[in-house]
file final.cif (mmCIF, C-alpha atoms)
data_query
loop_
_atom_site.label_atom_id
_atom_site.label_comp_id
_atom_site.auth_asym_id
_atom_site.auth_seq_id
_atom_site.Cartn_x
_atom_site.Cartn_y
_atom_site.Cartn_z
CA MET A 160 -3.11 -21.92 -27.18
CA ARG A 161 -6.54 -23.20 -28.27
CA TYR A 162 -6.35 -26.20 -25.92
CA LEU A 163 -5.54 -23.82 -23.07
CA HIS A 164 -8.67 -21.79 -23.83
CA ARG A 165 -10.85 -24.92 -23.48
CA GLN A 166 -9.01 -25.98 -20.33
CA ILE A 167 -9.53 -22.66 -18.59
CA GLU A 168 -13.16 -22.42 -19.69
CA SER A 169 -13.73 -25.76 -17.95
CA LEU A 170 -11.94 -24.38 -14.90
CA TRP A 171 -14.38 -21.42 -14.70
CA GLU A 172 -17.41 -23.71 -15.10
CA ASP A 173 -16.30 -26.28 -12.53
CA TRP A 174 -15.45 -23.52 -10.02
CA ALA A 175 -18.85 -21.84 -10.42
CA LYS A 176 -20.70 -25.12 -9.86
CA ARG A 177 -18.53 -26.07 -6.90
CA THR A 178 -18.81 -22.72 -5.10
CA GLY A 179 -22.21 -21.44 -6.26
CA GLU A 180 -20.54 -18.29 -7.66
CA THR A 181 -22.64 -18.35 -10.82
CA GLY A 182 -23.09 -14.58 -10.87
CA ALA A 183 -19.43 -13.54 -10.51
CA ARG A 184 -17.78 -11.70 -13.42
CA ILE A 185 -14.42 -13.05 -14.58
CA GLY A 186 -12.04 -11.21 -16.87
CA CYS A 187 -8.75 -12.77 -17.89
CA MET A 188 -5.90 -12.34 -20.33
CA ILE A 189 -2.80 -14.49 -20.78
CA HIS A 190 0.20 -13.49 -22.90
CA HIS A 191 2.80 -16.12 -23.81
CA VAL A 192 6.10 -14.22 -23.87
CA GLY A 193 7.92 -16.68 -26.12
CA THR A 194 5.32 -17.06 -28.88
CA LYS A 195 3.50 -13.68 -28.36
CA ASN A 196 0.22 -15.63 -28.47
CA GLU A 197 -2.64 -14.31 -26.34
CA ILE A 198 -5.97 -15.59 -25.12
CA GLY A 199 -8.63 -13.91 -23.05
CA TRP A 200 -12.14 -13.87 -21.60
CA ASP A 201 -13.87 -10.47 -21.35
CA GLU A 202 -10.37 -9.04 -21.49
CA ASP A 203 -11.58 -5.64 -22.72
CA LYS A 204 -14.39 -5.17 -20.20
CA TRP A 205 -14.06 -2.95 -17.15
CA PHE A 206 -13.55 -4.35 -13.66
CA VAL A 207 -13.00 -2.79 -10.24
CA PRO A 208 -9.25 -3.42 -9.86
CA ALA A 209 -8.85 -2.96 -6.08
CA SER A 210 -5.11 -2.97 -5.28
CA ASN A 211 -4.18 -3.95 -8.83
CA ASN A 212 -4.52 -0.17 -9.27
CA LYS A 213 -1.18 0.08 -7.46
CA LEU A 214 0.52 -1.37 -10.55
CA TRP A 215 -0.08 1.90 -12.42
CA THR A 216 1.28 3.94 -9.52
CA MET A 217 4.34 1.76 -8.96
CA ALA A 218 5.35 1.67 -12.61
CA VAL A 219 5.07 5.42 -13.18
CA ALA A 220 6.70 6.28 -9.84
CA LEU A 221 9.71 4.17 -10.83
CA ASP A 222 9.91 5.96 -14.18
CA ARG A 223 9.32 9.54 -13.00
CA LEU A 224 11.08 9.44 -9.64
CA GLY A 225 13.72 6.82 -10.38
CA PRO A 226 14.70 3.80 -8.25
CA ASN A 227 17.20 5.87 -6.21
CA TYR A 228 14.73 8.63 -5.28
CA ARG A 229 14.76 9.50 -1.56
CA PHE A 230 12.20 11.46 0.43
CA GLU A 231 13.67 14.36 2.40
CA THR A 232 12.49 15.69 5.77
CA ARG A 233 14.08 18.98 6.83
CA PHE A 234 14.58 20.17 10.40
CA TYR A 235 15.29 23.80 11.27
CA VAL A 236 16.33 24.91 14.76
CA ASP A 237 16.15 28.52 15.97
CA GLN A 238 16.98 28.60 19.67
CA ASN A 239 14.13 26.63 21.32
CA ARG A 240 11.99 26.54 18.19
CA VAL A 241 12.00 23.51 15.85
CA VAL A 242 10.47 23.49 12.38
CA VAL A 243 9.76 20.22 10.58
CA GLU A 244 9.31 20.51 6.79
CA GLY A 245 7.82 17.29 5.48
CA GLY A 246 8.78 15.85 2.13
CA GLY A 247 6.35 12.92 2.06
CA ASP A 248 8.52 10.21 3.64
CA PRO A 249 6.03 7.31 4.07
CA VAL A 250 8.35 5.10 6.14
CA PHE A 251 9.65 7.57 8.75
CA SER A 252 9.64 5.70 12.06
CA TYR A 253 10.11 6.32 15.77
CA ARG A 254 13.63 4.93 15.44
CA ASP A 255 14.32 7.55 12.78
CA ALA A 256 12.91 10.21 15.11
CA VAL A 257 15.36 9.16 17.83
CA HIS A 258 18.22 9.40 15.33
CA VAL A 259 17.12 12.91 14.30
CA ALA A 260 16.75 13.97 17.94
CA GLN A 261 20.29 12.79 18.69
CA GLU A 262 21.64 14.78 15.75
CA LEU A 263 19.75 17.93 16.76
CA ASN A 264 20.95 17.55 20.36
CA ARG A 265 24.51 17.12 19.14
CA ARG A 266 24.12 20.35 17.15
CA GLY A 267 23.04 22.33 20.19
CA LEU A 268 19.29 21.77 20.73
CA GLU A 269 18.70 21.48 24.48
CA LYS A 270 15.06 22.53 24.88
CA ILE A 271 11.91 22.80 22.73
CA ASP A 272 9.14 25.25 23.53
CA THR A 273 7.70 25.59 19.97
CA LEU A 274 7.24 22.94 17.30
CA LEU A 275 6.08 24.01 13.83
CA LEU A 276 4.91 21.36 11.38
CA ASP A 277 4.99 22.26 7.67
CA ASP A 278 2.80 19.76 5.81
CA SER A 279 2.33 21.99 2.75
CA LYS A 280 4.32 19.92 0.24
CA PHE A 281 1.15 17.83 -0.20
CA GLU A 282 -2.38 19.07 -0.78
CA ARG A 283 -4.47 19.15 2.38
CA VAL A 284 -6.63 16.20 1.36
CA PRO A 285 -5.55 13.33 3.63
CA TRP A 286 -7.49 10.53 1.94
CA GLY A 287 -7.88 9.16 -1.57
CA GLU A 288 -10.85 10.07 -3.73
CA GLY A 289 -13.75 7.69 -3.22
CA TRP A 290 -12.52 6.27 0.09
CA MET A 291 -15.46 5.20 2.24
CA TRP A 292 -16.01 6.97 5.56
CA ASP A 293 -16.02 3.68 7.49
CA ASP A 294 -12.54 2.81 6.13
CA LEU A 295 -10.86 5.85 7.64
CA ALA A 296 -10.29 4.42 11.13
CA GLU A 297 -8.90 1.15 9.74
CA GLY A 298 -5.14 0.74 9.33
CA TYR A 299 -5.50 0.35 5.57
CA GLY A 300 -7.21 3.78 5.47
CA ALA A 301 -4.35 5.68 7.13
CA PRO A 302 -4.20 9.38 6.13
CA ILE A 303 -1.74 10.72 3.55
CA HIS A 304 0.50 13.65 4.51
CA ALA A 305 3.85 15.19 3.69
CA ILE A 306 4.70 14.56 7.38
CA ASN A 307 4.15 10.94 8.43
CA MET A 308 5.17 8.74 11.34
CA GLU A 309 5.00 4.94 11.71
CA SER A 310 2.88 4.75 8.53
CA ASN A 311 0.22 6.79 10.41
CA ARG A 312 -0.96 3.61 12.10
CA ILE A 313 -1.26 2.17 15.60
CA THR A 314 -0.84 -1.60 15.99
CA PHE A 315 -3.07 -3.39 18.52
CA LYS A 316 -2.07 -6.89 19.67
CA ALA A 317 -3.46 -9.54 22.01
CA ASP A 318 -1.99 -12.67 23.60
CA PRO A 319 -3.72 -15.69 21.97
CA THR A 320 -3.18 -17.78 25.13
CA GLU A 321 -5.46 -15.54 27.19
CA LYS A 322 -9.10 -16.50 27.71
CA VAL A 323 -10.42 -13.13 26.49
CA PRO A 324 -8.52 -10.84 24.07
CA ARG A 325 -6.92 -7.89 25.86
CA LEU A 326 -5.21 -5.39 23.62
CA SER A 327 -1.87 -3.68 24.03
CA TRP A 328 -0.63 -1.20 21.46
CA SER A 329 2.42 0.26 19.85
CA PRO A 330 3.53 2.96 19.82
CA SER A 331 2.43 3.67 23.38
CA LEU A 332 1.16 7.20 23.99
CA PRO A 333 -0.97 8.65 26.82
CA THR A 334 -3.38 10.07 24.24
CA ILE A 335 -4.38 6.58 22.97
CA HIS A 336 -7.53 5.19 24.62
CA VAL A 337 -9.19 1.91 23.63
CA GLU A 338 -12.60 0.42 24.34
CA GLU A 339 -12.55 -3.23 23.31
CA ARG A 340 -15.36 -5.72 22.95
CA LEU A 341 -13.65 -8.78 21.47
CA THR A 342 -13.94 -12.55 21.39
CA TRP A 343 -11.58 -15.15 19.91
CA THR A 344 -12.13 -17.04 16.67
CA ASP A 345 -10.14 -19.97 15.32
CA ASP A 346 -10.65 -18.77 11.74
CA GLU A 347 -7.54 -17.73 9.85
CA GLU A 348 -8.78 -14.15 9.54
CA SER A 349 -10.27 -11.76 12.09
CA ASP A 350 -13.65 -10.07 11.70
CA ILE A 351 -13.05 -6.72 13.36
CA LYS A 352 -14.63 -3.26 13.23
CA ILE A 353 -12.65 -0.20 14.30
CA LYS A 354 -14.11 3.20 15.10
CA ARG A 355 -12.13 6.27 16.11
CA GLY A 356 -12.95 9.73 17.42
CA ALA A 357 -13.04 12.55 14.88
CA LYS A 358 -9.94 14.34 16.19
CA ASN A 359 -8.45 12.03 18.79
CA HIS A 360 -7.10 8.55 19.35
CA HIS A 361 -10.12 7.17 21.19
CA PHE A 362 -10.75 3.78 19.55
CA VAL A 363 -13.66 1.36 19.82
CA ILE A 364 -12.61 -2.10 18.58
CA THR A 365 -15.23 -4.85 18.35
CA GLY A 366 -15.67 -8.28 16.77
CA GLN A 367 -13.78 -11.57 16.55
CA LEU A 368 -9.99 -11.65 16.72
CA SER A 369 -8.15 -14.56 15.11
CA ARG A 370 -5.91 -16.55 17.45
CA HIS A 371 -3.72 -17.25 14.39
CA ASP A 372 -3.11 -13.55 13.75
CA PRO A 373 -4.13 -11.59 16.89
CA GLU A 374 -3.22 -8.18 15.53
CA VAL A 375 -5.16 -5.26 14.03
CA GLU A 376 -4.19 -1.78 12.95
CA GLY A 377 -5.97 1.52 13.43
CA ALA A 378 -5.38 4.75 11.53
CA VAL A 379 -4.34 7.93 13.33
CA TRP A 380 -6.52 11.01 12.86
CA SER A 381 -3.66 13.29 11.77
CA GLY A 382 -0.22 12.39 10.47
CA PRO A 383 1.47 15.65 11.58
CA GLN A 384 -0.08 15.58 15.07
CA PHE A 385 0.95 11.94 15.53
CA PHE A 386 4.42 12.89 14.30
CA ALA A 387 4.57 15.69 16.87
CA GLU A 388 3.69 13.40 19.78
CA LEU A 389 6.26 10.76 18.91
CA PHE A 390 8.96 13.21 17.84
CA LEU A 391 8.74 15.05 21.17
CA GLN A 392 8.84 11.70 22.98
CA ALA A 393 12.02 10.82 21.03
CA CYS A 394 13.56 14.19 21.89
CA SER A 395 12.80 13.67 25.58
CA GLN A 396 14.32 10.20 25.39
CA VAL A 397 17.69 11.61 24.27
CA GLY A 398 17.73 14.31 26.94
CA ILE A 399 16.18 17.31 25.18
CA LYS A 400 13.86 19.19 27.56
CA ILE A 401 10.26 19.73 26.44
CA ALA A 402 8.51 22.84 27.77
CA SER A 403 5.46 22.06 29.93
CA GLU A 404 3.40 24.51 27.86
CA ILE A 405 4.88 23.58 24.50
CA LYS A 406 3.31 25.26 21.48
CA ILE A 407 2.55 22.96 18.52
CA GLU A 408 1.45 24.59 15.26
CA GLU A 409 0.75 23.50 11.69
CA ASP A 410 1.65 26.10 9.06
CA SER A 411 3.71 26.61 5.93
CA PHE A 412 7.27 27.74 6.47
CA SER A 413 9.93 29.41 4.35
CA SER A 414 13.50 30.17 5.30
CA ALA A 415 16.51 31.55 3.50
CA SER A 416 18.79 29.66 5.88
CA GLN A 417 19.99 26.11 5.44
CA PRO A 418 18.22 23.41 7.46
CA THR A 419 19.94 22.30 10.64
CA PHE A 420 19.56 18.66 9.61
CA CYS A 421 18.08 16.75 6.67
CA TYR A 422 16.85 13.21 7.03
CA PHE A 423 16.63 11.07 3.87
CA SER A 424 14.50 7.97 3.50
CA PRO A 425 15.79 4.71 2.00
CA PRO A 426 15.72 4.76 -1.82
CA LEU A 427 12.46 4.09 -3.64
CA GLN A 428 13.66 0.64 -4.73
CA ALA A 429 13.87 -0.34 -1.04
CA ILE A 430 10.39 1.06 -0.29
CA LEU A 431 8.51 -0.26 -3.31
CA ASP A 432 7.85 -3.73 -1.91
CA LYS A 433 5.60 -2.10 0.69
CA VAL A 434 3.33 -1.25 -2.23
CA GLY A 435 3.78 -4.30 -4.46
CA ALA A 436 4.27 -7.11 -1.95
CA ASP A 437 2.53 -5.72 1.15
CA SER A 438 -0.10 -3.62 -0.66
CA ASP A 439 0.24 -0.60 1.64
CA ASN A 440 -2.37 1.97 0.59
CA MET A 441 -0.79 4.93 2.36
CA VAL A 442 2.60 4.41 0.69
CA ALA A 443 0.93 4.07 -2.73
CA GLU A 444 -0.93 7.35 -2.26
CA VAL A 445 2.27 9.08 -1.17
CA LEU A 446 3.97 7.89 -4.37
CA LEU A 447 1.15 9.30 -6.52
CA LYS A 448 1.53 12.71 -4.85
CA ALA A 449 5.34 12.51 -4.88
CA ILE A 450 5.28 12.20 -8.67
CA ALA A 451 3.43 15.52 -8.80
CA MET A 452 5.57 17.09 -6.07
CA LYS A 453 8.80 16.40 -7.96
CA LEU A 454 7.42 17.93 -11.16
CA HIS A 455 5.32 20.79 -9.79
CA GLY A 456 6.59 21.49 -6.26
CA ILE A 457 3.37 20.38 -4.55
CA GLY A 458 1.89 16.91 -4.40
CA THR A 459 -1.69 16.71 -5.62
CA ALA A 460 -3.55 13.57 -6.60
CA GLU A 461 -4.90 15.26 -9.72
CA ALA A 462 -1.45 16.19 -11.03
CA GLY A 463 -0.22 12.70 -10.16
CA ARG A 464 -3.04 11.10 -12.14
CA GLU A 465 -2.29 13.32 -15.13
CA GLU A 466 1.35 12.27 -15.05
CA VAL A 467 0.38 8.60 -14.88
CA LYS A 468 -1.71 9.00 -18.04
CA LYS A 469 1.08 10.94 -19.77
CA CYS A 470 3.65 8.26 -18.95
CA LEU A 471 1.38 5.43 -20.13
CA ASP A 472 0.77 7.30 -23.39
CA GLU A 473 4.54 7.52 -23.91
CA TRP A 474 4.81 3.76 -23.38
CA GLY A 475 1.95 3.02 -25.76
CA VAL A 476 -0.15 1.53 -22.96
CA GLU A 477 -3.88 2.21 -22.85
CA SER A 478 -4.75 4.19 -19.71
CA PRO A 479 -7.47 2.92 -17.37
CA PRO A 480 -10.82 4.64 -18.10
CA VAL A 481 -11.28 5.60 -14.45
CA PHE A 482 -8.23 6.14 -12.24
CA VAL A 483 -8.99 8.12 -9.08
CA ASP A 484 -6.57 7.00 -6.39
CA GLY A 485 -3.09 5.54 -6.28
CA SER A 486 -3.91 2.56 -4.10
CA GLY A 487 -7.17 1.10 -5.43
CA LEU A 488 -9.07 1.44 -2.15
CA SER A 489 -11.71 3.43 -4.04
CA MET A 490 -14.51 1.47 -5.72
CA TYR A 491 -14.63 4.13 -8.47
CA ASN A 492 -11.55 2.79 -10.33
CA LEU A 493 -11.97 0.70 -13.49
CA SER A 494 -9.44 -1.22 -15.58
CA SER A 495 -9.41 -4.20 -17.95
CA PRO A 496 -7.28 -7.37 -17.99
CA ARG A 497 -5.81 -6.33 -21.37
CA GLN A 498 -4.61 -3.01 -19.93
CA TYR A 499 -2.78 -4.74 -17.10
CA VAL A 500 -1.11 -7.19 -19.46
CA GLN A 501 -0.03 -4.26 -21.65
CA LEU A 502 1.46 -2.51 -18.62
CA LEU A 503 3.32 -5.58 -17.41
CA GLN A 504 4.67 -6.16 -20.93
CA ALA A 505 5.89 -2.54 -21.07
CA ILE A 506 7.74 -3.01 -17.78
CA ASN A 507 9.29 -6.24 -19.05
CA TYR A 508 10.79 -4.35 -21.99
CA ARG A 509 12.34 -1.62 -19.79
CA THR A 510 15.55 -3.07 -18.44
CA THR A 511 16.19 -0.10 -16.13
CA LEU A 512 12.89 -0.68 -14.29
CA ARG A 513 12.27 -4.40 -14.77
CA SER A 514 14.30 -5.96 -11.94
CA VAL A 515 13.22 -3.42 -9.30
CA PHE A 516 9.58 -3.75 -10.32
CA LEU A 517 9.59 -7.56 -10.31
CA ASP A 518 11.46 -7.70 -7.00
CA SER A 519 8.76 -5.55 -5.39
CA LEU A 520 5.88 -7.92 -6.18
CA ALA A 521 4.38 -10.57 -3.93
CA VAL A 522 5.54 -14.16 -4.54
CA TYR A 523 3.20 -17.14 -4.39
CA GLY A 524 3.86 -19.09 -1.21
CA GLU A 525 6.87 -16.95 -0.27
CA LYS A 526 6.35 -13.23 0.15
CA GLY A 527 3.88 -10.45 0.88
CA THR A 528 0.14 -10.85 0.39
CA LEU A 529 0.73 -14.21 -1.36
CA GLN A 530 2.97 -15.70 1.34
CA GLU A 531 0.27 -17.91 2.83
CA ARG A 532 -0.95 -19.22 -0.53
CA LYS A 533 0.64 -22.67 -0.41
CA ILE A 534 -0.16 -24.51 -3.65
CA GLN A 535 1.70 -27.14 -5.61
CA LEU A 536 3.41 -25.54 -8.61
CA LYS A 537 5.49 -27.25 -11.26
CA PRO A 538 9.13 -27.47 -10.06
CA GLY A 539 11.14 -24.44 -11.13
CA VAL A 540 8.06 -22.22 -11.53
CA LYS A 541 7.66 -18.98 -9.59
CA VAL A 542 4.73 -16.55 -9.67
CA LEU A 543 5.30 -12.83 -9.01
CA ALA A 544 2.08 -10.86 -8.84
CA LYS A 545 0.03 -8.03 -7.38
CA THR A 546 -3.08 -8.96 -5.45
CA GLY A 547 -6.20 -6.83 -5.16
CA SER A 548 -9.11 -7.31 -2.79
CA LEU A 549 -12.20 -5.39 -1.77
CA SER A 550 -15.59 -6.68 -0.71
CA GLY A 551 -16.68 -8.99 -3.56
CA VAL A 552 -13.47 -8.30 -5.51
CA ILE A 553 -10.43 -10.61 -5.76
CA ASN A 554 -7.83 -9.85 -8.47
CA LEU A 555 -4.37 -11.01 -9.48
CA SER A 556 -2.02 -9.71 -12.19
CA GLY A 557 1.61 -10.59 -12.74
CA TYR A 558 4.24 -12.89 -14.16
CA LEU A 559 4.81 -16.64 -14.21
CA LEU A 560 8.50 -17.51 -14.46
CA ALA A 561 10.06 -20.83 -15.47
CA GLY A 562 13.53 -20.65 -14.00
CA GLU A 563 14.73 -17.10 -14.63
CA GLU A 564 12.63 -16.55 -17.75
CA ILE A 565 9.15 -15.03 -17.84
CA ARG A 566 6.85 -17.51 -19.56
CA PHE A 567 3.42 -15.91 -19.08
CA ILE A 568 2.11 -12.44 -18.29
CA PHE A 569 -1.44 -12.63 -16.96
CA SER A 570 -4.30 -10.71 -15.41
CA LEU A 571 -7.23 -12.42 -13.68
CA LEU A 572 -9.93 -10.01 -12.41
CA ILE A 573 -12.92 -11.36 -10.45
CA ASN A 574 -15.79 -9.08 -9.40
CA GLY A 575 -19.20 -9.72 -7.86
CA LEU A 576 -18.21 -12.52 -5.49
CA LEU A 577 -20.55 -13.82 -2.80
CA ASP A 578 -17.57 -14.99 -0.72
CA ASP A 579 -14.07 -13.61 -1.21
CA LYS A 580 -12.54 -16.96 -0.22
CA ASN A 581 -14.01 -18.46 -3.40
CA GLY A 582 -12.09 -15.91 -5.46
CA LYS A 583 -8.82 -17.04 -3.89
CA LEU A 584 -9.71 -20.66 -4.67
CA LEU A 585 -10.13 -19.79 -8.35
CA GLN A 586 -6.84 -17.88 -8.37
CA ASP A 587 -5.04 -20.90 -6.89
CA ASP A 588 -6.61 -23.29 -9.40
CA PHE A 589 -5.73 -20.94 -12.27
CA ILE A 590 -2.12 -20.46 -11.19
CA ARG A 591 -1.63 -24.17 -10.52
CA MET A 592 -2.90 -25.06 -13.97
CA LEU A 593 -0.89 -22.35 -15.70
CA SER A 594 2.30 -23.54 -14.00
CA PHE A 595 2.02 -27.02 -15.61
CA ILE A 596 1.53 -25.72 -19.18
#
call {"tool": "encode", "arguments": {"input": "final.cif", "output": "structure tokens"}}
result
Amino acid sequence: MRYLHRQIESLWEDWAKRTGETGARIGCMIHHVGTKNEIGWDEDKWFVPASNNKLWTMAVALDRLGPNYRFETRFYVDQNRVVVEGGGDPVFSYRDAVHVAQELNRRGLEKIDTLLLDDSKFERVPWGEGWMWDDLAEGYGAPIHAINMESNRITFKADPTEKVPRLSWSPSLPTIHVEERLTWTDDEESDIKIKRGAKNHHFVITGQLSRHDPEVEGAVWSGPQFFAELFLQACSQVGIKIASEIKIEEDSFSSASQPTFCYFSPPLQAILDKVGADSDNMVAEVLLKAIAMKLHGIGTAEAGREEVKKCLDEWGVESPPVFVDGSGLSMYNLSSPRQYVQLLQAINYRTTLRSVFLDSLAVYGEKGTLQERKIQLKPGVKVLAKTGSLSGVINLSGYLLAGEEIRFIFSLLINGLLDDKNGKLLQDDFIRMLSFI
């Protein structure tokens, strides 16, 4: 692999000269699965991993929860009173709410005058440690609860054929108010700022909206309250009467009776691509707390982090020196390229987890956060990987397959960028070159 070392060193140097990124830090490690040979550059130094941090969460969630794990939401009905006991379901949708409402109506619920929301299965800390205050209104900063609805996000869209962007939104609720100050841009990506009221859905959305992708997402202020609004709307849709002075409360709940209806999410293996391929922060944080909830009855980030470290120790994988959230949105996290290669090797050796884990990753030019990365690879080569991006940070760790066989396991971490687009250029050059080796 000595020739490869020289080849990639030249790649770094040419890229830095071409882009002016002479101050960026690059860490890399490549493991050849067939020969077990390895090469690296600063492979043992610490880098901000961004969403590569999700790799730790995904792997341990698969091990501790199992690929068939389902989140459970319980509904109790006592005359006109409905209790919702959340179990962390991160993909519960309005369509699911309509299904639940139909079932409750079929079982005798005709009117609701009190709705109790039990969010106590998770700690009452709705954001990850180290999340920045100005991220919390953005869709990627959606709050984390045991009761969630529509990923705790509101989607705002505009018609790119209109002269000035005018937003519509889904789901539609009378409590959502938007002040927009937007212009169009022909760039591939939008440059948007979202602000939201402290305890309401009053949004101020400003900046340039891309005609190529005229859509942005805002985070709700409370998962349970958003759930309540949409759940009651679903109940009304199926014919259940809602009292004009309905009482909505948040409190813990205990009952000796059996729930009236239990709703189960799809299995974890069907949800995991939202973390690996789509890089959904909220789902990743739910998984971290779900690991703790299954073991200890309540989902706390601290207990989840401890279980991640314990699992990695069992696998003989070195734990990251700083691991504070499950998604990587925090700038406090630190990991090294060698640690990611160790983790991906450990997954490759675990046949019960391997296929689900690999299927959940983004695919270069085909799926998830890598879908738009159209580069020329050697015929028969496929790259499955996890992306990671924050301001000045662009990372990529994963597998390069030749046919059905994994040829390389790699981690390329880039920090300190002047322009994030330059980081993607280096990733593309690196992957293209690796595919022809």
call {"tool": "resolve_selection", "arguments": {"input": "final.cif", "expression": "the PyMOL selection byres ((chain A and resi 278) around 12)", "output": "PyMOL selection string"}}
result
chain A and resi 232-233+242-248+275-277+279-285+303-307+381-384+386-387+408-412+457-458
call {"tool": "resolve_selection", "arguments": {"input": "final.cif", "expression": "the PyMOL selection byres ((chain A and resi 520-526) around 8)", "output": "list in words"}}
result
Asp432, Gly435, Ala436, Asp437, Phe516, Leu517, Asp518, Ser519, Gly527, Thr528, Leu529, Gln530, Glu531, Arg532, Lys533, Ile534, Lys541, Val542, Leu543, Ala544, Lys545 and Thr546 of chain A
call {"tool": "closest_residue", "arguments": {"input": "final.cif", "among": "A:Ser478, A:Ser331, A:Ser486, A:Ser310", "to": "Trp290 in chain A", "atoms": "all atoms listed in the file"}}
result
A:Ser486
call {"tool": "closest_residue", "arguments": {"input": "final.cif", "among": "A:Thr419, A:Ser210, A:Asn359, A:Ser327", "to": "Val241 in chain A", "atoms": "all atoms listed in the file"}}
result
A:Thr419
call {"tool": "resolve_selection", "arguments": {"input": "final.cif", "expression": "the PyMOL selection byres ((chain A and resi 427) around 9)", "output": "list of chain:residue names"}}
result
A:Ala220, A:Leu221, A:Leu224, A:Gly225, A:Pro226, A:Asn227, A:Tyr228, A:Arg229, A:Phe230, A:Ser424, A:Pro425, A:Pro426, A:Gln428, A:Ala429, A:Ile430, A:Leu431
call {"tool": "write_last_selection", "arguments": {"input": "final.cif", "atoms": "C-alpha atoms", "output": "mmCIF file, in the coordinates of the input"}}
result
data_model
loop_
_atom_site.group_PDB
_atom_site.id
_atom_site.type_symbol
_atom_site.label_atom_id
_atom_site.label_comp_id
_atom_site.auth_asym_id
_atom_site.auth_seq_id
_atom_site.Cartn_x
_atom_site.Cartn_y
_atom_site.Cartn_z
ATOM 1 C CA ALA A 220 6.700 6.280 -9.840
ATOM 2 C CA LEU A 221 9.710 4.170 -10.830
ATOM 3 C CA LEU A 224 11.080 9.440 -9.640
ATOM 4 C CA GLY A 225 13.720 6.820 -10.380
ATOM 5 C CA PRO A 226 14.700 3.800 -8.250
ATOM 6 C CA ASN A 227 17.200 5.870 -6.210
ATOM 7 C CA TYR A 228 14.730 8.630 -5.280
ATOM 8 C CA ARG A 229 14.760 9.500 -1.560
ATOM 9 C CA PHE A 230 12.200 11.460 0.430
ATOM 10 C CA SER A 424 14.500 7.970 3.500
ATOM 11 C CA PRO A 425 15.790 4.710 2.000
ATOM 12 C CA PRO A 426 15.720 4.760 -1.820
ATOM 13 C CA GLN A 428 13.660 0.640 -4.730
ATOM 14 C CA ALA A 429 13.870 -0.340 -1.040
ATOM 15 C CA ILE A 430 10.390 1.060 -0.290
ATOM 16 C CA LEU A 431 8.510 -0.260 -3.310
#
call {"tool": "atom_distance", "arguments": {"input": "final.cif", "atom1": "CA of Ile565 in chain A", "atom2": "CA of Cys470 in chain A"}}
result
24.0 Å
call {"tool": "residues_around", "arguments": {"input": "final.cif", "residues": "Gly289 in chain A", "least_positions_apart": "2", "cutoff": "10 Å", "atoms": "all atoms listed in the file", "output": "JSON, numbers by chain"}}
result
{"A": [286, 287, 291, 292, 483, 484, 487, 488, 489, 490, 491, 492]}
call {"tool": "closest_residue", "arguments": {"input": "final.cif", "among": "A:Gly182, A:Gly485, A:Pro319, A:Pro324", "to": "His371 in chain A", "atoms": "all atoms listed in the file"}}
result
A:Pro319
call {"tool": "residues_around", "arguments": {"input": "final.cif", "residues": "range 352-355 of chain A", "least_positions_apart": "6", "cutoff": "6 Å", "atoms": "all atoms listed in the file", "output": "PDB file with C-alpha atoms, in the coordinates of the input"}}
result
ATOM      1  CA  ALA A 296     -10.290   4.420  11.130  1.00  0.00           C
ATOM      2  CA  HIS A 361     -10.120   7.170  21.190  1.00  0.00           C
ATOM      3  CA  PHE A 362     -10.750   3.780  19.550  1.00  0.00           C
ATOM      4  CA  VAL A 363     -13.660   1.360  19.820  1.00  0.00           C
ATOM      5  CA  ILE A 364     -12.610  -2.100  18.580  1.00  0.00           C
ATOM      6  CA  THR A 365     -15.230  -4.850  18.350  1.00  0.00           C
TER       7      THR A 365
END
call {"tool": "residues_around", "arguments": {"input": "final.cif", "residues": "range 567-583 of chain A", "least_positions_apart": "5", "cutoff": "8 Å", "atoms": "all atoms listed in the file", "output": "ChimeraX atom specification"}}
result
/A:178,180,182-192,206-208,496-497,499-500,503-504,550-560
call {"tool": "atom_distance", "arguments": {"input": "final.cif", "atom1": "CA of Ile335 in chain A", "atom2": "CA of Gly356 in chain A"}}
result
10.7 Å
call {"tool": "decode", "arguments": {"input": "final.cif", "residues": "range 467-471 of chain A", "atoms": "N, CA, C and O atoms", "output": "tab-separated table (two decimals), in the first residue's frame"}}
result
chain	number	residue	atom	x	y	z
A	467	VAL	N	-23.16	2.91	25.45
A	467	VAL	CA	-22.36	2.92	24.22
A	467	VAL	C	-20.92	2.54	24.54
A	467	VAL	O	-20.32	1.69	23.88
A	468	LYS	N	-20.36	3.16	25.57
A	468	LYS	CA	-18.97	2.86	25.96
A	468	LYS	C	-18.83	1.39	26.38
A	468	LYS	O	-17.87	0.72	26.00
A	469	LYS	N	-19.80	0.89	27.14
A	469	LYS	CA	-19.75	-0.49	27.60
A	469	LYS	C	-19.79	-1.46	26.42
A	469	LYS	O	-19.02	-2.43	26.36
A	470	CYS	N	-20.64	-1.19	25.46
A	470	CYS	CA	-20.76	-2.06	24.28
A	470	CYS	C	-19.46	-2.03	23.46
A	470	CYS	O	-18.97	-3.09	23.04
A	471	LEU	N	-18.90	-0.84	23.26
A	471	LEU	CA	-17.65	-0.74	22.50
A	471	LEU	C	-16.51	-1.48	23.20
A	471	LEU	O	-15.68	-2.12	22.55
